[in-house]
file protein.cif (mmCIF, C-alpha atoms)
data_data
loop_
_atom_site.label_atom_id
_atom_site.label_comp_id
_atom_site.auth_asym_id
_atom_site.auth_seq_id
_atom_site.Cartn_x
_atom_site.Cartn_y
_atom_site.Cartn_z
CA MET A 1111 0.00 0.00 0.00
CA GLN A 1112 1.23 3.50 -0.79
CA ILE A 1113 0.03 6.67 0.84
CA GLU A 1114 0.49 10.03 -0.79
CA ILE A 1115 1.42 12.70 1.74
CA PRO A 1116 0.04 16.15 0.92
CA GLU A 1117 2.64 18.95 0.82
CA PRO A 1118 1.35 20.78 3.94
CA LEU A 1119 1.53 17.57 5.99
CA LEU A 1120 4.99 16.78 4.62
CA LYS A 1121 6.18 20.22 5.79
CA ARG A 1122 4.79 19.48 9.27
CA LEU A 1123 6.63 16.15 9.30
CA GLN A 1124 9.88 17.83 8.26
CA GLN A 1125 9.64 20.16 11.29
CA HIS A 1126 9.92 17.07 13.53
CA ALA A 1127 12.57 15.21 11.52
CA THR A 1128 16.28 14.88 12.02
CA PRO A 1129 17.92 15.66 8.66
CA PHE A 1130 19.66 12.73 6.94
CA VAL A 1131 18.27 10.36 9.59
CA ASP A 1132 14.47 10.39 9.57
CA THR A 1133 12.11 9.43 6.81
CA PRO A 1134 8.43 10.42 6.73
CA VAL A 1135 7.63 6.92 7.99
CA SER A 1136 10.02 7.17 10.98
CA VAL A 1137 8.49 10.53 11.97
CA ILE A 1138 4.96 9.10 11.67
CA GLU A 1139 6.03 6.12 13.82
CA ARG A 1140 7.40 8.50 16.46
CA TRP A 1141 4.11 10.46 16.41
CA ALA A 1142 2.16 7.21 16.77
CA ASP A 1143 4.38 6.13 19.69
CA PHE A 1144 3.86 9.49 21.37
CA TYR A 1145 0.10 9.35 20.84
CA GLU A 1146 -0.14 5.82 22.21
CA GLN A 1147 1.96 6.71 25.26
CA HIS A 1148 -0.28 9.66 26.03
CA ASN A 1149 -3.64 8.07 25.25
CA GLN A 1150 -3.71 4.86 27.26
CA GLN A 1151 -7.45 5.11 27.87
CA LYS A 1152 -10.44 3.74 25.99
CA ASN A 1153 -13.98 4.99 26.45
CA GLY A 1154 -12.85 7.26 29.29
CA LYS A 1155 -11.76 4.31 31.45
CA PRO A 1156 -8.20 3.18 32.05
CA GLU A 1157 -7.29 0.06 30.14
CA SER A 1158 -7.00 -3.00 32.30
CA LYS A 1159 -3.53 -4.38 32.85
CA SER A 1160 -2.98 -7.44 30.76
CA ALA A 1161 -0.01 -9.44 29.61
CA GLY A 1162 2.23 -7.44 27.33
CA VAL A 1163 0.54 -4.10 28.00
CA ASN A 1164 2.72 -1.51 29.71
CA HIS A 1165 1.20 1.61 31.14
CA VAL A 1166 2.40 5.16 31.47
CA PRO A 1167 4.20 5.60 34.79
CA THR A 1168 2.95 8.20 37.22
CA ILE A 1169 4.75 11.49 36.73
CA PRO A 1170 5.30 13.58 39.88
CA ASN A 1171 3.75 17.07 40.05
CA GLY A 1172 5.96 19.86 38.78
CA VAL A 1173 7.94 17.54 36.51
CA ARG A 1174 7.90 18.09 32.75
CA GLN A 1175 7.48 15.09 30.50
CA PHE A 1176 9.68 14.78 27.44
CA ASP A 1177 9.54 12.43 24.46
CA ALA A 1178 12.07 9.65 25.09
CA LYS A 1179 12.93 9.45 21.39
CA ARG A 1180 13.45 13.19 21.03
CA PRO A 1181 14.89 14.35 24.34
CA PRO A 1182 16.02 17.89 25.06
CA SER A 1183 19.71 18.53 25.66
CA LEU A 1184 20.78 16.46 28.63
CA PHE A 1185 24.02 18.34 29.29
CA HIS A 1186 24.36 19.51 32.90
CA THR A 1187 21.88 16.96 34.27
CA ARG A 1188 21.62 14.36 37.00
CA VAL A 1189 19.49 11.29 36.48
CA ARG A 1190 17.98 8.32 38.24
CA GLY A 1191 15.52 5.74 37.05
CA GLU A 1192 15.02 2.14 35.99
CA PHE A 1193 16.10 -0.01 33.07
CA GLY A 1194 13.76 -2.99 33.15
CA SER A 1195 13.41 -3.58 36.87
CA THR A 1196 16.96 -2.45 37.76
CA SER A 1197 17.48 1.00 39.25
CA PHE A 1198 20.25 3.34 38.11
CA SER A 1199 21.55 6.49 39.77
CA ASN A 1200 23.59 8.26 37.07
CA TRP A 1201 24.16 8.23 33.30
CA ASN A 1202 27.16 5.86 33.41
CA ASP A 1203 25.18 3.50 35.65
CA LEU A 1204 22.33 3.49 33.10
CA LEU A 1205 24.73 2.61 30.30
CA ARG A 1206 26.33 -0.17 32.39
CA ILE A 1207 22.98 -1.69 33.45
CA ALA A 1208 21.60 -1.56 29.89
CA HIS A 1209 24.66 -3.41 28.57
CA VAL A 1210 24.63 -6.00 31.36
CA TYR A 1211 20.99 -6.72 30.55
CA ALA A 1212 21.65 -6.74 26.80
CA LEU A 1213 24.59 -9.15 27.01
CA LYS A 1214 22.50 -11.59 29.04
CA LYS A 1215 19.80 -11.48 26.36
CA ALA A 1216 22.24 -11.40 23.43
CA GLY A 1217 24.14 -14.43 24.58
CA GLY A 1218 27.56 -13.23 23.49
CA PHE A 1219 29.87 -10.31 22.85
CA GLU A 1220 29.47 -10.23 19.05
CA GLU A 1221 25.67 -10.18 19.36
CA LEU A 1222 25.96 -7.32 21.86
CA ARG A 1223 28.25 -5.43 19.49
CA LYS A 1224 25.56 -5.66 16.80
CA MET A 1225 22.90 -4.33 19.19
CA THR A 1226 24.67 -1.34 20.69
CA ARG A 1227 25.90 1.94 19.32
CA ALA A 1228 28.29 2.32 22.25
CA GLN A 1229 31.99 1.64 21.77
CA ILE A 1230 32.69 -1.64 23.56
CA ARG A 1231 35.71 -3.91 23.92
CA LYS A 1232 35.97 -7.42 25.21
CA GLY A 1233 37.96 -7.64 28.45
CA ALA A 1234 39.42 -5.00 30.75
CA TYR A 1235 40.43 -1.86 28.88
CA SER A 1236 40.93 1.50 30.59
CA ASP A 1237 42.45 3.79 27.96
CA GLU A 1238 40.44 6.30 25.88
CA GLY A 1239 37.69 6.67 28.48
CA TYR A 1240 36.72 2.99 28.67
CA ARG A 1241 35.44 1.50 31.93
CA PHE A 1242 35.50 -2.20 32.66
CA VAL A 1243 32.21 -3.86 33.61
CA PRO A 1244 33.31 -7.02 35.46
CA GLU A 1245 29.81 -8.57 35.52
CA ILE A 1246 30.01 -9.08 31.77
CA GLY A 1247 33.74 -8.88 31.06
CA VAL A 1248 33.29 -5.92 28.70
CA SER A 1249 34.69 -2.38 28.70
CA ILE A 1250 32.38 0.45 27.61
CA GLN A 1251 33.63 3.85 26.47
CA GLY A 1252 32.19 6.72 28.51
CA VAL A 1253 29.84 9.14 26.77
CA ASP A 1254 27.91 12.30 27.59
CA ALA A 1255 24.39 12.17 29.03
CA GLY A 1256 22.65 12.50 25.66
CA HIS A 1257 24.52 9.58 24.17
CA ALA A 1258 24.05 7.48 27.32
CA TRP A 1259 20.27 7.96 26.98
CA GLU A 1260 20.33 7.34 23.22
CA TYR A 1261 22.33 4.09 23.56
CA ALA A 1262 20.29 2.79 26.51
CA LEU A 1263 17.00 3.63 24.77
CA ARG A 1264 18.14 1.82 21.64
CA LEU A 1265 18.90 -1.29 23.71
CA ALA A 1266 15.57 -1.00 25.56
CA ILE A 1267 13.66 -0.84 22.27
CA HIS A 1268 15.65 -3.72 20.77
CA LEU A 1269 15.15 -5.87 23.86
CA LYS A 1270 11.59 -4.69 24.53
CA VAL A 1271 12.48 -3.57 28.06
CA PRO A 1272 10.90 -0.51 29.70
CA VAL A 1273 13.17 2.37 30.65
CA LYS A 1274 12.36 5.50 32.61
CA ALA A 1275 14.47 8.43 33.72
CA GLU A 1276 13.88 11.26 36.17
CA ILE A 1277 16.14 14.12 35.16
CA GLU A 1278 17.25 17.21 37.04
CA TRP A 1279 19.01 20.03 35.21
CA ARG A 1280 21.70 21.72 37.26
CA HIS A 1281 21.46 25.47 37.94
CA ASN A 1282 23.74 26.29 35.04
CA ASP A 1283 23.16 28.87 32.30
CA LYS A 1284 24.29 26.32 29.71
CA ALA A 1285 21.66 23.76 30.81
CA ALA A 1286 18.58 23.37 28.60
CA HIS A 1287 16.21 23.84 31.57
CA PRO A 1288 18.24 25.20 34.52
CA GLY A 1289 16.91 24.01 37.87
CA GLU A 1290 13.98 22.11 36.34
CA ARG A 1291 13.06 18.44 36.54
CA GLY A 1292 11.97 16.21 33.69
CA PHE A 1293 10.73 12.71 33.05
CA MET A 1294 11.19 10.41 30.05
CA PHE A 1295 10.10 6.84 29.55
CA TRP A 1296 9.64 4.17 26.94
CA THR A 1297 7.60 1.02 27.27
CA PRO A 1298 7.27 -1.83 24.78
#

call {"tool": "encode", "arguments": {"input": "protein.cif", "output": "structure tokens"}}
result
Amino acid sequence: MQIEIPEPLLKRLQQHATPFVDTPVSVIERWADFYEQHNQQKNGKPESKSAGVNHVPTIPNGVRQFDAKRPPSLFHTRVRGEFGSTSFSNWNDLLRIAHVYALKKAGGFEELRKMTRAQIRKGAYSDEGYRFVPEIGVSIQGVDAGHAWEYALRLAIHLKVPVKAEIEWRHNDKAAHPGERGFMFWTP
């Protein structure tokens, strides 16, 4: 089936696209994901919990919600949250936990390498910003907060594991939202 996209709608899609990355279909998928995450009700009643259905987590008052697939700048932030059912307390911890989970599901280093966008090396390696993760025998190169979220989210989507993050921007003029708190999540 082919769908012709009228020019005005195409221009709207382009406003939400990342150049050289997104296609009209990927932007529509992101819109659909966003809509489904924000409209978990049918006929005015909450959907019942059933196998395979994940619900929107409760967001504390005064906390802004952001789209997990299109986050704001995460520079100058602190974070805590959960990857699957495992808690994390900072961006490096999130990256470590996501890779520990992924390697267990992947079954081996080469499969993990295919899944992740992070720079990883088998064994203990400490040069060039790598940190050894003894639980899995892999070294992961450190990244900034934005990349840590991007890489962990990619693994969560690939593995169909929920991930949520409570973010706090530091009181810094270079922060996207100085002193504010935010929330992002993705559920399969």

call {"tool": "closest_residue", "arguments": {"input": "protein.cif", "among": "A:Glu1139, A:Glu1245, A:Glu1278, A:Glu1260", "to": "Arg1206 (chain A)", "atoms": "all atoms listed in the file"}}
result
A:Glu1245

call {"tool": "resolve_selection", "arguments": {"input": "protein.cif", "expression": "the PyMOL selection byres ((chain A and resi 1205) around 10)", "output": "list in words"}}
result
Phe1193, Phe1198, Asn1200, Trp1201, Asn1202, Asp1203, Leu1204, Arg1206, Ile1207, Ala1208, His1209, Val1210, Ala1228, Ile1250, Gln1251, Gly1252, Val1253, Ala1255, His1257, Ala1258, Trp1259, Glu1260, Tyr1261, Ala1262, Leu1263 and Leu1265 of chain A

call {"tool": "write_last_selection", "arguments": {"input": "protein.cif", "atoms": "C-alpha atoms", "output": "mmCIF file, in the frame of the given file"}}
result
data_model
loop_
_atom_site.group_PDB
_atom_site.id
_atom_site.type_symbol
_atom_site.label_atom_id
_atom_site.label_comp_id
_atom_site.auth_asym_id
_atom_site.auth_seq_id
_atom_site.Cartn_x
_atom_site.Cartn_y
_atom_site.Cartn_z
ATOM 1 C CA PHE A 1193 16.100 -0.010 33.070
ATOM 2 C CA PHE A 1198 20.250 3.340 38.110
ATOM 3 C CA ASN A 1200 23.590 8.260 37.070
ATOM 4 C CA TRP A 1201 24.160 8.230 33.300
ATOM 5 C CA ASN A 1202 27.160 5.860 33.410
ATOM 6 C CA ASP A 1203 25.180 3.500 35.650
ATOM 7 C CA LEU A 1204 22.330 3.490 33.100
ATOM 8 C CA ARG A 1206 26.330 -0.170 32.390
ATOM 9 C CA ILE A 1207 22.980 -1.690 33.450
ATOM 10 C CA ALA A 1208 21.600 -1.560 29.890
ATOM 11 C CA HIS A 1209 24.660 -3.410 28.570
ATOM 12 C CA VAL A 1210 24.630 -6.000 31.360
ATOM 13 C CA ALA A 1228 28.290 2.320 22.250
ATOM 14 C CA ILE A 1250 32.380 0.450 27.610
ATOM 15 C CA GLN A 1251 33.630 3.850 26.470
ATOM 16 C CA GLY A 1252 32.190 6.720 28.510
ATOM 17 C CA VAL A 1253 29.840 9.140 26.770
ATOM 18 C CA ALA A 1255 24.390 12.170 29.030
ATOM 19 C CA HIS A 1257 24.520 9.580 24.170
ATOM 20 C CA ALA A 1258 24.050 7.480 27.320
ATOM 21 C CA TRP A 1259 20.270 7.960 26.980
ATOM 22 C CA GLU A 1260 20.330 7.340 23.220
ATOM 23 C CA TYR A 1261 22.330 4.090 23.560
ATOM 24 C CA ALA A 1262 20.290 2.790 26.510
ATOM 25 C CA LEU A 1263 17.000 3.630 24.770
ATOM 26 C CA LEU A 1265 18.900 -1.290 23.710
#

call {"tool": "residues_near_point", "arguments": {"input": "protein.cif", "point": "(41.3, 6.5, 27.5)", "cutoff": "12 Å", "atoms": "only C-alpha atoms", "output": "PDB file with C-alpha atoms, in the coordinates of the input"}}
result
ATOM      1  CA  GLN A1229      31.990   1.640  21.770  1.00  0.00           C
ATOM      2  CA  TYR A1235      40.430  -1.860  28.880  1.00  0.00           C
ATOM      3  CA  SER A1236      40.930   1.500  30.590  1.00  0.00           C
ATOM      4  CA  ASP A1237      42.450   3.790  27.960  1.00  0.00           C
ATOM      5  CA  GLU A1238      40.440   6.300  25.880  1.00  0.00           C
ATOM      6  CA  GLY A1239      37.690   6.670  28.480  1.00  0.00           C
ATOM      7  CA  TYR A1240      36.720   2.990  28.670  1.00  0.00           C
ATOM      8  CA  ARG A1241      35.440   1.500  31.930  1.00  0.00           C
ATOM      9  CA  PHE A1242      35.500  -2.200  32.660  1.00  0.00           C
ATOM     10  CA  SER A1249      34.690  -2.380  28.700  1.00  0.00           C
ATOM     11  CA  ILE A1250      32.380   0.450  27.610  1.00  0.00           C
ATOM     12  CA  GLN A1251      33.630   3.850  26.470  1.00  0.00           C
ATOM     13  CA  GLY A1252      32.190   6.720  28.510  1.00  0.00           C
ATOM     14  CA  VAL A1253      29.840   9.140  26.770  1.00  0.00           C
TER      15      VAL A1253
END

call {"tool": "residues_around", "arguments": {"input": "protein.cif", "residues": "region 1184-1191 of chain A", "least_positions_apart": "5", "cutoff": "8 Å", "atoms": "all atoms listed in the file", "output": "JSON list (two decimals) with C-alpha atoms, in the coordinates of the input"}}
result
[["chain", "number", "residue", "atom", "x", "y", "z"],
["A", 1197, "SER", "CA", 17.48, 1.00, 39.25],
["A", 1198, "PHE", "CA", 20.25, 3.34, 38.11],
["A", 1199, "SER", "CA", 21.55, 6.49, 39.77],
["A", 1200, "ASN", "CA", 23.59, 8.26, 37.07],
["A", 1201, "TRP", "CA", 24.16, 8.23, 33.30],
["A", 1254, "ASP", "CA", 27.91, 12.30, 27.59],
["A", 1255, "ALA", "CA", 24.39, 12.17, 29.03],
["A", 1256, "GLY", "CA", 22.65, 12.50, 25.66],
["A", 1273, "VAL", "CA", 13.17, 2.37, 30.65],
["A", 1274, "LYS", "CA", 12.36, 5.50, 32.61],
["A", 1275, "ALA", "CA", 14.47, 8.43, 33.72],
["A", 1276, "GLU", "CA", 13.88, 11.26, 36.17],
["A", 1277, "ILE", "CA", 16.14, 14.12, 35.16],
["A", 1278, "GLU", "CA", 17.25, 17.21, 37.04],
["A", 1279, "TRP", "CA", 19.01, 20.03, 35.21],
["A", 1280, "ARG", "CA", 21.70, 21.72, 37.26],
["A", 1282, "ASN", "CA", 23.74, 26.29, 35.04],
["A", 1284, "LYS", "CA", 24.29, 26.32, 29.71],
["A", 1285, "ALA", "CA", 21.66, 23.76, 30.81],
["A", 1286, "ALA", "CA", 18.58, 23.37, 28.60]]

call {"tool": "atom_distance", "arguments": {"input": "protein.cif", "atom1": "CA of Gly1172 (chain A)", "atom2": "CA of Tyr1145 (chain A)"}}
result
21.6 Å

call {"tool": "resolve_selection", "arguments": {"input": "protein.cif", "expression": "the PyMOL selection byres ((chain A and resi 1267-1272) around 6)", "output": "PDB file with C-alpha atoms, in the frame of the given file"}}
result
ATOM      1  CA  GLY A1194      13.760  -2.990  33.150  1.00  0.00           C
ATOM      2  CA  ARG A1264      18.140   1.820  21.640  1.00  0.00           C
ATOM      3  CA  LEU A1265      18.900  -1.290  23.710  1.00  0.00           C
ATOM      4  CA  ALA A1266      15.570  -1.000  25.560  1.00  0.00           C
ATOM      5  CA  VAL A1273      13.170   2.370  30.650  1.00  0.00           C
ATOM      6  CA  TRP A1296       9.640   4.170  26.940  1.00  0.00           C
ATOM      7  CA  THR A1297       7.600   1.020  27.270  1.00  0.00           C
ATOM      8  CA  PRO A1298       7.270  -1.830  24.780  1.00  0.00           C
TER       9      PRO A1298
END

call {"tool": "residues_around", "arguments": {"input": "protein.cif", "residues": "Phe1219 (chain A)", "least_positions_apart": "3", "cutoff": "10 Å", "atoms": "only C-alpha atoms", "output": "short mmCIF file (atom, residue, chain, number, x, y, z; two decimals) with C-alpha atoms, in the coordinates of the input"}}
result
data_model
loop_
_atom_site.label_atom_id
_atom_site.label_comp_id
_atom_site.auth_asym_id
_atom_site.auth_seq_id
_atom_site.Cartn_x
_atom_site.Cartn_y
_atom_site.Cartn_z
CA ALA A 1212 21.65 -6.74 26.80
CA LEU A 1213 24.59 -9.15 27.01
CA LYS A 1214 22.50 -11.59 29.04
CA ALA A 1216 22.24 -11.40 23.43
CA LEU A 1222 25.96 -7.32 21.86
CA ARG A 1223 28.25 -5.43 19.49
CA LYS A 1224 25.56 -5.66 16.80
CA MET A 1225 22.90 -4.33 19.19
CA ILE A 1230 32.69 -1.64 23.56
CA ARG A 1231 35.71 -3.91 23.92
CA LYS A 1232 35.97 -7.42 25.21
CA ILE A 1246 30.01 -9.08 31.77
CA GLY A 1247 33.74 -8.88 31.06
CA VAL A 1248 33.29 -5.92 28.70
#

call {"tool": "resolve_selection", "arguments": {"input": "protein.cif", "expression": "the PyMOL selection byres ((chain A and resi 1176) around 6)", "output": "PyMOL selection string"}}
result
chain A and resi 1175+1177+1294

call {"tool": "atom_distance", "arguments": {"input": "protein.cif", "atom1": "CA of Glu1192 (chain A)", "atom2": "CA of Glu1290 (chain A)"}}
result
20.0 Å

call {"tool": "residues_around", "arguments": {"input": "protein.cif", "residues": "region 1111-1118 of chain A", "least_positions_apart": "4", "cutoff": "12 Å", "atoms": "only C-alpha atoms", "output": "JSON, numbers by chain"}}
result
{"A": [1122, 1123, 1124, 1125, 1134, 1135, 1138]}

call {"tool": "atom_distance", "arguments": {"input": "protein.cif", "atom1": "CA of Val1243 (chain A)", "atom2": "CA of Thr1226 (chain A)"}}
result
15.2 Å

call {"tool": "residues_around", "arguments": {"input": "protein.cif", "residues": "Ala1178 (chain A)", "least_positions_apart": "2", "cutoff": "6 Å", "atoms": "all atoms listed in the file", "output": "MDAnalysis selection string"}}
result
chainID A and resid 1180:1181 1294:1295

call {"tool": "build_atoms", "arguments": {"input": "protein.cif", "residues": "region 1228-1239 of chain A", "atoms": "all heavy atoms", "output": "mmCIF file, keeping the file's coordinate frame"}}
result
data_model
loop_
_atom_site.group_PDB
_atom_site.id
_atom_site.type_symbol
_atom_site.label_atom_id
_atom_site.label_comp_id
_atom_site.auth_asym_id
_atom_site.auth_seq_id
_atom_site.Cartn_x
_atom_site.Cartn_y
_atom_site.Cartn_z
ATOM 1 N N ALA A 1228 27.169 1.951 21.393
ATOM 2 C CA ALA A 1228 28.290 2.320 22.250
ATOM 3 C C ALA A 1228 29.561 1.635 21.772
ATOM 4 O O ALA A 1228 29.505 0.569 21.151
ATOM 5 C CB ALA A 1228 27.995 1.922 23.697
ATOM 6 N N GLN A 1229 30.692 2.249 22.066
ATOM 7 C CA GLN A 1229 31.990 1.640 21.770
ATOM 8 C C GLN A 1229 32.289 0.658 22.896
ATOM 9 O O GLN A 1229 32.367 1.063 24.059
ATOM 10 C CB GLN A 1229 33.073 2.712 21.680
ATOM 11 C CG GLN A 1229 32.863 3.693 20.551
ATOM 12 C CD GLN A 1229 32.916 3.018 19.194
ATOM 13 O OE1 GLN A 1229 33.807 2.214 18.923
ATOM 14 N NE2 GLN A 1229 31.954 3.326 18.350
ATOM 15 N N ILE A 1230 32.428 -0.605 22.551
ATOM 16 C CA ILE A 1230 32.690 -1.640 23.560
ATOM 17 C C ILE A 1230 33.895 -2.465 23.149
ATOM 18 O O ILE A 1230 34.218 -2.581 21.961
ATOM 19 C CB ILE A 1230 31.469 -2.557 23.788
ATOM 20 C CG1 ILE A 1230 31.062 -3.301 22.509
ATOM 21 C CG2 ILE A 1230 30.296 -1.756 24.341
ATOM 22 C CD1 ILE A 1230 29.969 -4.340 22.700
ATOM 23 N N ARG A 1231 34.567 -3.025 24.145
ATOM 24 C CA ARG A 1231 35.710 -3.910 23.920
ATOM 25 C C ARG A 1231 35.598 -5.081 24.868
ATOM 26 O O ARG A 1231 35.205 -4.915 26.025
ATOM 27 C CB ARG A 1231 37.031 -3.190 24.170
ATOM 28 C CG ARG A 1231 37.366 -2.179 23.115
ATOM 29 C CD ARG A 1231 38.740 -1.656 23.324
ATOM 30 N NE ARG A 1231 39.164 -0.989 22.105
ATOM 31 C CZ ARG A 1231 40.399 -0.668 21.843
ATOM 32 N NH1 ARG A 1231 41.358 -0.958 22.696
ATOM 33 N NH2 ARG A 1231 40.717 -0.055 20.731
ATOM 34 N N LYS A 1232 35.959 -6.226 24.376
ATOM 35 C CA LYS A 1232 35.970 -7.420 25.210
ATOM 36 C C LYS A 1232 37.147 -7.323 26.180
ATOM 37 O O LYS A 1232 38.247 -6.948 25.784
ATOM 38 C CB LYS A 1232 36.116 -8.659 24.323
ATOM 39 C CG LYS A 1232 35.664 -9.931 24.956
ATOM 40 C CD LYS A 1232 35.706 -11.050 23.922
ATOM 41 C CE LYS A 1232 34.744 -12.129 24.310
ATOM 42 N NZ LYS A 1232 34.668 -13.170 23.302
ATOM 43 N N GLY A 1233 36.902 -7.643 27.453
ATOM 44 C CA GLY A 1233 37.960 -7.640 28.450
ATOM 45 C C GLY A 1233 38.140 -6.282 29.109
ATOM 46 O O GLY A 1233 37.400 -5.336 28.847
ATOM 47 N N ALA A 1234 39.131 -6.224 29.991
ATOM 48 C CA ALA A 1234 39.420 -5.000 30.750
ATOM 49 C C ALA A 1234 40.271 -4.064 29.904
ATOM 50 O O ALA A 1234 41.368 -4.414 29.481
ATOM 51 C CB ALA A 1234 40.138 -5.350 32.045
ATOM 52 N N TYR A 1235 39.746 -2.867 29.668
ATOM 53 C CA TYR A 1235 40.430 -1.860 28.880
ATOM 54 C C TYR A 1235 40.134 -0.518 29.533
ATOM 55 O O TYR A 1235 38.969 -0.187 29.772
ATOM 56 C CB TYR A 1235 39.928 -1.899 27.429
ATOM 57 C CG TYR A 1235 40.700 -1.032 26.483
ATOM 58 C CD1 TYR A 1235 41.945 -1.419 26.005
ATOM 59 C CD2 TYR A 1235 40.171 0.178 26.039
ATOM 60 C CE1 TYR A 1235 42.659 -0.618 25.126
ATOM 61 C CE2 TYR A 1235 40.870 0.984 25.154
ATOM 62 C CZ TYR A 1235 42.118 0.581 24.701
ATOM 63 O OH TYR A 1235 42.822 1.373 23.840
ATOM 64 N N SER A 1236 41.169 0.250 29.857
ATOM 65 C CA SER A 1236 40.930 1.500 30.590
ATOM 66 C C SER A 1236 41.434 2.749 29.877
ATOM 67 O O SER A 1236 41.277 3.847 30.387
ATOM 68 C CB SER A 1236 41.561 1.413 31.982
ATOM 69 O OG SER A 1236 42.947 1.198 31.861
ATOM 70 N N ASP A 1237 42.024 2.615 28.717
ATOM 71 C CA ASP A 1237 42.450 3.790 27.960
ATOM 72 C C ASP A 1237 41.254 4.387 27.222
ATOM 73 O O ASP A 1237 40.210 3.760 27.073
ATOM 74 C CB ASP A 1237 43.531 3.403 26.948
ATOM 75 C CG ASP A 1237 44.846 3.017 27.609
ATOM 76 O OD1 ASP A 1237 45.032 3.360 28.796
ATOM 77 O OD2 ASP A 1237 45.668 2.363 26.947
ATOM 78 N N GLU A 1238 41.417 5.627 26.736
ATOM 79 C CA GLU A 1238 40.440 6.300 25.880
ATOM 80 C C GLU A 1238 39.046 6.377 26.496
ATOM 81 O O GLU A 1238 38.034 6.341 25.794
ATOM 82 C CB GLU A 1238 40.378 5.608 24.512
ATOM 83 C CG GLU A 1238 41.705 5.617 23.773
ATOM 84 C CD GLU A 1238 41.683 4.794 22.489
ATOM 85 O OE1 GLU A 1238 40.711 4.061 22.253
ATOM 86 O OE2 GLU A 1238 42.661 4.892 21.739
ATOM 87 N N GLY A 1239 38.973 6.489 27.822
ATOM 88 C CA GLY A 1239 37.690 6.670 28.480
ATOM 89 C C GLY A 1239 36.862 5.409 28.682
ATOM 90 O O GLY A 1239 35.685 5.489 29.040
#
